[in-house]
Protein chains: 2
Amino acid sequence: GPGQDCAILQWPPERRLAYKIDQVVEGVHFVLRGPEAASPRQVGWKAMAKACSDMAAAGCWPVAATVAAHLRSDLNDAWALELYDGMLDCCRRFGFALAGGDLSSGGPAVHVAVGLLGEGPDGRDGAGEPWLRRGARPGDALLVTGTLGGSRGGKHLDFIPRLEEARRLRLRAGLDVHAAIDVTDGLARDVGHLCDESGCSVELERSALPVAEALRGLPADEALRHVLADGEDFELLLAVAPEALGRLLAGWDAPVALTRIGRILPACEARRIRAPDGSLSPLPDIGYEHRTATDGECA
Amino acid sequence: GPGQDCAILQWPPERRLAYKIDQVVEGVHFVLRGPEAASPRQVGWKAMAKACSDMAAAGCWPVAATVAAHLRSDLNDAWALELYDGMLDCCRRFGFALAGGDLSSGGPAVHVAVGLLGEGPDGRDGAGEPWLRRGARPGDALLVTGTLGGSRGGKHLDFIPRLEEARRLRLRAGLDVHAAIDVTDGLARDVGHLCDESGCSVELERSALPVAEALRGLPADEALRHVLADGEDFELLLAVAPEALGRLLAGWDAPVALTRIGRILPACEARRIRAPDGSLSPLPDIGYEHRTATDGECA
């Protein structure tokens, strides 16, 4: 449905099939020239990993991918093969198949669309149904994986989609994960999406925000702006029942951090951020503008 | 696998899940300016129907679609909504869901990728497994639906994918359909794909080829060139066991024609076309160049 990271089908009726299509476009999600140029392998990895990140945000696991790539005619077969290698790297990393594809060329920009089929929890394993963006409740803790704000420093090309962390969360927190999303538009915007869909508000703890290594040395305000506004961190943001929080954090032995960064409030409260001195500021509406006003995740 | 119209997964093991991603690109599959300009509704229809045609060629039926559309920034919301309407027209026509999507803009050309999930025969209904391009055997009759050569006259924007005909063929011919493909590169090329994959040769009957209404009035040789070379007719081409042929054609009461246009030969024979006077010519290697040498259907 609208505002979700993946479509979820009941097919066959007793199974949950997650289904995602995603795209990366030259000039929007990567560039091929200049100091920030991506290699074809990086483009392939990003295209596949981006779809995987949405699968992780739904608490699902990828099973098979298909790819439709449209290249510029000045790119040769070696380029296409490296693109393919980057996609395969991601498939292999997470043990799913590249089941098919369509490769063509002739357009003015490289465009790679990835379709991803995944398997979701079906209520029989005690881990509940696939996660949605809606479902966060006042009192829930807001958690995030990894660190934030490193995307512009290059992370957007080689991030690791948080599939393994999502699986661990499902097994350990089960029904206590109330809502989830991945950070693609920047923390402030994506927290906003979660609140919009859940009909709630939020308070972030400024001192708790896990800051990317790439931002060390920047003035605090500037680093905060990157943490709140930079998109494509592809970390998971989760609303978790408060009674599960202690158990979950105490038992979290994964290499990727899991950090409590705030809490869910009733909708009547302001969306805000709390400074170390206790003062509150409105959560700014800043984010990563890789997409336009007409954008949506799943229709 | 390679050279197939859809990926087929056994998931769950007893079911056949067909999975396709396809794309249409401005300047390659349609234009938006000039006398042949497509409306956004036509672009939407074509994008969805093209994926459906591959589903039909596998003998499968679509269940759910997802769409990743990337628009030029000069196209407004009304344009995007009409595009969406065109896709929905196709979904409604064949009774399947548009389950999700991703809409973005900013690139230099419109690009629409469609992911399509379908249900395939699973051997339990007596209709066998999904159809592949391989499997044609010497002695098989070569059949085609509808008429050929009308694509450049506009059919490529409003063709009807042959899903209903494929379903009818499955129910009536079952295991006697040995191989199938849809005509996208032109009859000569697509017959070639079927032969390449099946390890066989072919003889077409020139007088049997069903010529599109749009070609009437053209000199015979010119009409034949269109029939053989024009792509995007999106008709089905099938290799059918000879013992099923009479029964199948006699009982064929669908509004769309089903025509025997030739027969499958052993690989040692030349690929050829037979004139009404009985003379044989090599099947020319002509086709519709909407794609490049590096293209492939499913990897």
# chains A, B, ... in the order shown; residues from 1 in each chain; ligands from 1
$ select_by_dssp --residues "segment 17-243 of chain B" --states "strand (DSSP E)" --output "MDAnalysis selection string"
chainID B and resid 17:25 61:72 97:107 111:120 141:145 177:182 200:205 236:240
$ residues_around --residues "Arg133 of chain B" --least-positions-apart "6" --cutoff "10 Å" --atoms "only C-alpha atoms" --output "ChimeraX atom specification"
/B:2-5,57-58,178-182,190-191,193-198,237-239
$ write_last_selection --atoms "N, CA, C and O atoms" --output "JSON list (two decimals), in the first residue's frame"
[["chain", "number", "residue", "atom", "x", "y", "z"],
["B", 2, "PRO", "N", 18.86, -18.04, -19.29],
["B", 2, "PRO", "CA", 19.14, -17.25, -20.47],
["B", 2, "PRO", "C", 18.19, -17.62, -21.61],
["B", 2, "PRO", "O", 17.83, -18.79, -21.76],
["B", 3, "GLY", "N", 17.81, -16.63, -22.39],
["B", 3, "GLY", "CA", 16.97, -16.88, -23.55],
["B", 3, "GLY", "C", 15.55, -17.24, -23.21],
["B", 3, "GLY", "O", 14.86, -17.86, -24.01],
["B", 4, "GLN", "N", 15.10, -16.90, -22.02],
["B", 4, "GLN", "CA", 13.71, -17.16, -21.68],
["B", 4, "GLN", "C", 12.99, -15.84, -21.46],
["B", 4, "GLN", "O", 13.61, -14.82, -21.18],
["B", 5, "ASP", "N", 11.68, -15.87, -21.62],
["B", 5, "ASP", "CA", 10.92, -14.62, -21.51],
["B", 5, "ASP", "C", 10.66, -14.23, -20.07],
["B", 5, "ASP", "O", 10.52, -13.07, -19.76],
["B", 57, "ALA", "N", 3.89, -15.45, -23.24],
["B", 57, "ALA", "CA", 4.82, -16.33, -23.97],
["B", 57, "ALA", "C", 5.34, -17.45, -23.08],
["B", 57, "ALA", "O", 5.80, -18.48, -23.57],
["B", 58, "ALA", "N", 5.25, -17.27, -21.78],
["B", 58, "ALA", "CA", 5.64, -18.34, -20.85],
["B", 58, "ALA", "C", 4.43, -19.19, -20.45],
["B", 58, "ALA", "O", 4.56, -20.12, -19.64],
["B", 178, "HIS", "N", 5.22, -27.12, -27.35],
["B", 178, "HIS", "CA", 6.60, -27.49, -27.01],
["B", 178, "HIS", "C", 7.50, -26.30, -26.72],
["B", 178, "HIS", "O", 8.50, -26.42, -26.02],
["B", 179, "ALA", "N", 7.19, -25.14, -27.32],
["B", 179, "ALA", "CA", 8.01, -23.94, -27.13],
["B", 179, "ALA", "C", 7.20, -22.73, -27.53],
["B", 179, "ALA", "O", 6.26, -22.84, -28.34],
["B", 180, "ALA", "N", 7.54, -21.59, -26.97],
["B", 180, "ALA", "CA", 6.81, -20.36, -27.30],
["B", 180, "ALA", "C", 7.71, -19.14, -27.11],
["B", 180, "ALA", "O", 8.66, -19.16, -26.33],
["B", 181, "ILE", "N", 7.37, -18.08, -27.83],
["B", 181, "ILE", "CA", 8.06, -16.79, -27.73],
["B", 181, "ILE", "C", 7.06, -15.73, -28.21],
["B", 181, "ILE", "O", 6.11, -16.06, -28.91],
["B", 182, "ASP", "N", 7.25, -14.48, -27.80],
["B", 182, "ASP", "CA", 6.43, -13.43, -28.40],
["B", 182, "ASP", "C", 7.26, -12.65, -29.41],
["B", 182, "ASP", "O", 8.49, -12.58, -29.31],
["B", 190, "ASP", "N", 12.72, -13.61, -34.26],
["B", 190, "ASP", "CA", 12.15, -14.36, -33.14],
["B", 190, "ASP", "C", 12.03, -15.85, -33.46],
["B", 190, "ASP", "O", 12.23, -16.69, -32.59],
["B", 191, "VAL", "N", 11.73, -16.17, -34.74],
["B", 191, "VAL", "CA", 11.81, -17.57, -35.16],
["B", 191, "VAL", "C", 13.24, -18.07, -34.95],
["B", 191, "VAL", "O", 13.47, -19.19, -34.47],
["B", 193, "HIS", "N", 15.40, -17.00, -32.68],
["B", 193, "HIS", "CA", 15.63, -17.24, -31.25],
["B", 193, "HIS", "C", 15.08, -18.62, -30.84],
["B", 193, "HIS", "O", 15.72, -19.37, -30.10],
["B", 194, "LEU", "N", 13.87, -18.90, -31.31],
["B", 194, "LEU", "CA", 13.24, -20.18, -30.98],
["B", 194, "LEU", "C", 14.11, -21.34, -31.48],
["B", 194, "LEU", "O", 14.33, -22.33, -30.77],
["B", 195, "CYS", "N", 14.62, -21.20, -32.71],
["B", 195, "CYS", "CA", 15.47, -22.25, -33.30],
["B", 195, "CYS", "C", 16.80, -22.36, -32.55],
["B", 195, "CYS", "O", 17.27, -23.46, -32.25],
["B", 196, "ASP", "N", 17.41, -21.20, -32.24],
["B", 196, "ASP", "CA", 18.68, -21.20, -31.51],
["B", 196, "ASP", "C", 18.52, -21.95, -30.19],
["B", 196, "ASP", "O", 19.35, -22.78, -29.82],
["B", 197, "GLU", "N", 17.47, -21.63, -29.47],
["B", 197, "GLU", "CA", 17.27, -22.20, -28.13],
["B", 197, "GLU", "C", 16.88, -23.67, -28.20],
["B", 197, "GLU", "O", 17.19, -24.44, -27.30],
["B", 198, "SER", "N", 16.17, -24.02, -29.26],
["B", 198, "SER", "CA", 15.67, -25.39, -29.37],
["B", 198, "SER", "C", 16.62, -26.31, -30.12],
["B", 198, "SER", "O", 16.40, -27.52, -30.15],
["B", 237, "LEU", "N", 4.26, -16.87, -30.89],
["B", 237, "LEU", "CA", 4.79, -17.82, -31.87],
["B", 237, "LEU", "C", 4.99, -19.12, -31.10],
["B", 237, "LEU", "O", 5.65, -19.13, -30.06],
["B", 238, "LEU", "N", 4.40, -20.23, -31.62],
["B", 238, "LEU", "CA", 4.40, -21.47, -30.85],
["B", 238, "LEU", "C", 4.78, -22.67, -31.70],
["B", 238, "LEU", "O", 4.35, -22.76, -32.87],
["B", 239, "ALA", "N", 5.54, -23.56, -31.12],
["B", 239, "ALA", "CA", 5.81, -24.85, -31.75],
["B", 239, "ALA", "C", 4.91, -25.89, -31.09],
["B", 239, "ALA", "O", 4.97, -26.07, -29.87]]
$ residues_around --residues "segment 87-101 of chain B" --least-positions-apart "6" --cutoff "6 Å" --atoms "only C-alpha atoms" --output "list in words"
Ala7, Cys298 and Ala299 of chain A; Gly44, Trp45, Met48, Val63, Ala64, Ala65, Thr66, Val67 and Ala68 of chain B
$ write_last_selection --atoms "C-alpha atoms" --output "CSV table (one decimal), in the first residue's frame"
chain,number,residue,atom,x,y,z
A,7,ALA,CA,4.2,-4.5,-1.5
A,298,CYS,CA,5.0,2.2,-3.1
A,299,ALA,CA,1.7,3.2,-4.6
B,44,GLY,CA,1.6,3.3,-19.6
B,45,TRP,CA,-0.3,0.7,-21.5
B,48,MET,CA,2.5,-2.9,-18.8
B,63,VAL,CA,-1.0,-11.6,-10.6
B,64,ALA,CA,0.7,-8.4,-9.4
B,65,ALA,CA,2.8,-5.6,-11.0
B,66,THR,CA,5.1,-3.0,-9.5
B,67,VAL,CA,6.4,0.0,-11.5
B,68,ALA,CA,9.5,2.2,-11.3
$ residues_around --residues "Pro276 of chain B" --least-positions-apart "5" --cutoff "9 Å" --atoms "only C-alpha atoms" --output "PyMOL selection string"
chain B and resi 205-207
$ closest_residue --among "B:Met55, B:Ala214, B:Val112, B:Gly107" --to "Val28 of chain A" --atoms "only C-alpha atoms"
B:Gly107
$ residues_around --residues "Asn76 of chain B" --least-positions-apart "4" --cutoff "10 Å" --atoms "only C-alpha atoms" --output "count of residues only"
6
$ residues_around --residues "Pro266 of chain B" --least-positions-apart "3" --cutoff "9 Å" --atoms "only C-alpha atoms" --output "PyMOL selection string"
chain B and resi 137-139+199-202+269-270
$ write_last_selection --atoms "N, CA and C atoms" --output "compact mmCIF listing (two decimals), in the first residue's frame"
# COMPACT_ATOMS: atom_id res chain seq x y z
N ARG B 137 10.52 -29.26 -31.58
CA ARG B 137 11.08 -30.50 -32.13
C ARG B 137 10.80 -30.58 -33.62
N PRO B 138 11.70 -31.18 -34.38
CA PRO B 138 11.45 -31.36 -35.82
C PRO B 138 10.09 -32.02 -36.03
N GLY B 139 9.33 -31.48 -36.97
CA GLY B 139 7.99 -32.00 -37.22
C GLY B 139 6.91 -31.15 -36.58
N GLY B 199 17.65 -25.72 -30.76
CA GLY B 199 18.56 -26.54 -31.57
C GLY B 199 17.85 -27.16 -32.75
N CYS B 200 17.17 -26.31 -33.53
CA CYS B 200 16.42 -26.83 -34.67
C CYS B 200 16.45 -25.81 -35.80
N SER B 201 15.83 -26.13 -36.90
CA SER B 201 15.68 -25.19 -38.00
C SER B 201 14.19 -25.02 -38.29
N VAL B 202 13.87 -24.29 -39.38
CA VAL B 202 12.47 -23.96 -39.61
C VAL B 202 12.21 -23.72 -41.10
N GLU B 269 19.11 -28.76 -41.40
CA GLU B 269 18.46 -28.10 -42.54
C GLU B 269 18.70 -26.59 -42.48
N ALA B 270 18.54 -25.94 -43.63
CA ALA B 270 18.65 -24.47 -43.67
C ALA B 270 17.36 -23.84 -43.15
$ residues_around --residues "Ala188 of chain A" --least-positions-apart "6" --cutoff "9 Å" --atoms "only C-alpha atoms" --output "list in words"
Val227, Leu228, Ala229, Leu283, Pro284, Asp285, Ile286 and Gly287 of chain A
$ closest_residue --among "A:Val43, A:Val240, A:Leu117, A:Ala127" --to "chain B" --atoms "only C-alpha atoms"
A:Leu117
$ closest_residue --among "B:Pro210, B:Ala166, B:Gly27, B:Ala220" --to "Trp61 of chain B" --atoms "only C-alpha atoms"
B:Ala166
$ atom_distance --atom1 "atom CA of Gly251 of chain B" --atom2 "atom CA of Ala49 of chain B"
26.9 Å
$ select_by_dssp --residues "segment 137-252 of chain A" --states "alpha helix (DSSP H)" --output "JSON, numbers by chain"
{"A": [155, 156, 157, 158, 163, 164, 165, 166, 167, 168, 169, 170, 171, 172, 173, 187, 188, 189, 190, 191, 192, 193, 194, 195, 196, 197, 198, 220, 221, 222, 223, 224, 225, 226, 227, 228, 229, 242, 243, 244, 245, 246, 247, 248, 249, 250]}
$ write_last_selection --atoms "C-alpha atoms" --output "CSV table (one decimal), in the first residue's frame"
chain,number,residue,atom,x,y,z
A,155,LYS,CA,28.7,5.5,1.9
A,156,HIS,CA,25.8,5.9,-0.6
A,157,LEU,CA,27.8,3.8,-3.1
A,158,ASP,CA,28.9,1.0,-0.8
A,163,LEU,CA,19.1,-7.4,6.1
A,164,GLU,CA,21.0,-9.3,8.7
A,165,GLU,CA,20.2,-6.8,11.4
A,166,ALA,CA,16.5,-6.9,10.4
A,167,ARG,CA,16.5,-10.7,10.7
A,168,ARG,CA,18.1,-10.5,14.1
A,169,LEU,CA,15.6,-7.9,15.2
A,170,ARG,CA,12.7,-10.0,14.0
A,171,LEU,CA,14.0,-13.1,15.9
A,172,ARG,CA,14.8,-11.1,19.1
A,173,ALA,CA,12.0,-8.5,19.2
A,187,LEU,CA,16.7,11.1,9.3
A,188,ALA,CA,14.4,14.1,9.8
A,189,ARG,CA,12.3,13.3,6.7
A,190,ASP,CA,12.2,9.6,7.3
A,191,VAL,CA,11.2,10.0,10.9
A,192,GLY,CA,8.5,12.3,9.5
A,193,HIS,CA,7.3,9.5,7.2
A,194,LEU,CA,7.1,7.1,10.1
A,195,CYS,CA,5.1,9.7,12.1
A,196,ASP,CA,2.8,10.6,9.2
A,197,GLU,CA,2.0,6.9,8.5
A,198,SER,CA,1.6,6.0,12.2
A,220,ALA,CA,28.7,20.2,15.9
A,221,ASP,CA,25.9,22.1,14.2
A,222,GLU,CA,27.2,21.2,10.8
A,223,ALA,CA,27.6,17.5,11.7
A,224,LEU,CA,24.0,17.6,13.1
A,225,ARG,CA,22.7,19.0,9.9
A,226,HIS,CA,24.3,16.1,7.9
A,227,VAL,CA,22.9,13.6,10.4
A,228,LEU,CA,19.4,15.0,10.1
A,229,ALA,CA,19.4,15.9,6.4
A,242,PRO,CA,9.5,0.1,25.5
A,243,GLU,CA,9.2,-3.2,27.5
A,244,ALA,CA,11.4,-4.9,24.9
A,245,LEU,CA,14.1,-2.3,24.8
A,246,GLY,CA,16.3,-3.3,27.7
A,247,ARG,CA,16.3,-7.0,26.7
A,248,LEU,CA,17.0,-6.1,23.0
A,249,LEU,CA,19.9,-3.7,23.6
A,250,ALA,CA,21.5,-5.8,26.3
$ closest_residue --among "B:Val114, B:Leu215, B:Leu103, B:Leu236" --to "Arg152 of chain B" --atoms "only C-alpha atoms"
B:Leu215
$ closest_residue --among "B:Asp77, B:Asp140, B:Asp176, B:Glu36" --to "chain A" --atoms "only C-alpha atoms"
B:Asp77
$ closest_residue --among "B:Pro255, B:Ser73, B:Lys50, B:Pro62" --to "chain A" --atoms "only C-alpha atoms"
B:Ser73
$ atom_distance --atom1 "atom CA of Val31 of chain A" --atom2 "atom CA of Asp85 of chain A"
18.4 Å
$ atom_distance --atom1 "atom CA of Lys20 of chain B" --atom2 "atom CA of Gly106 of chain A"
21.5 Å
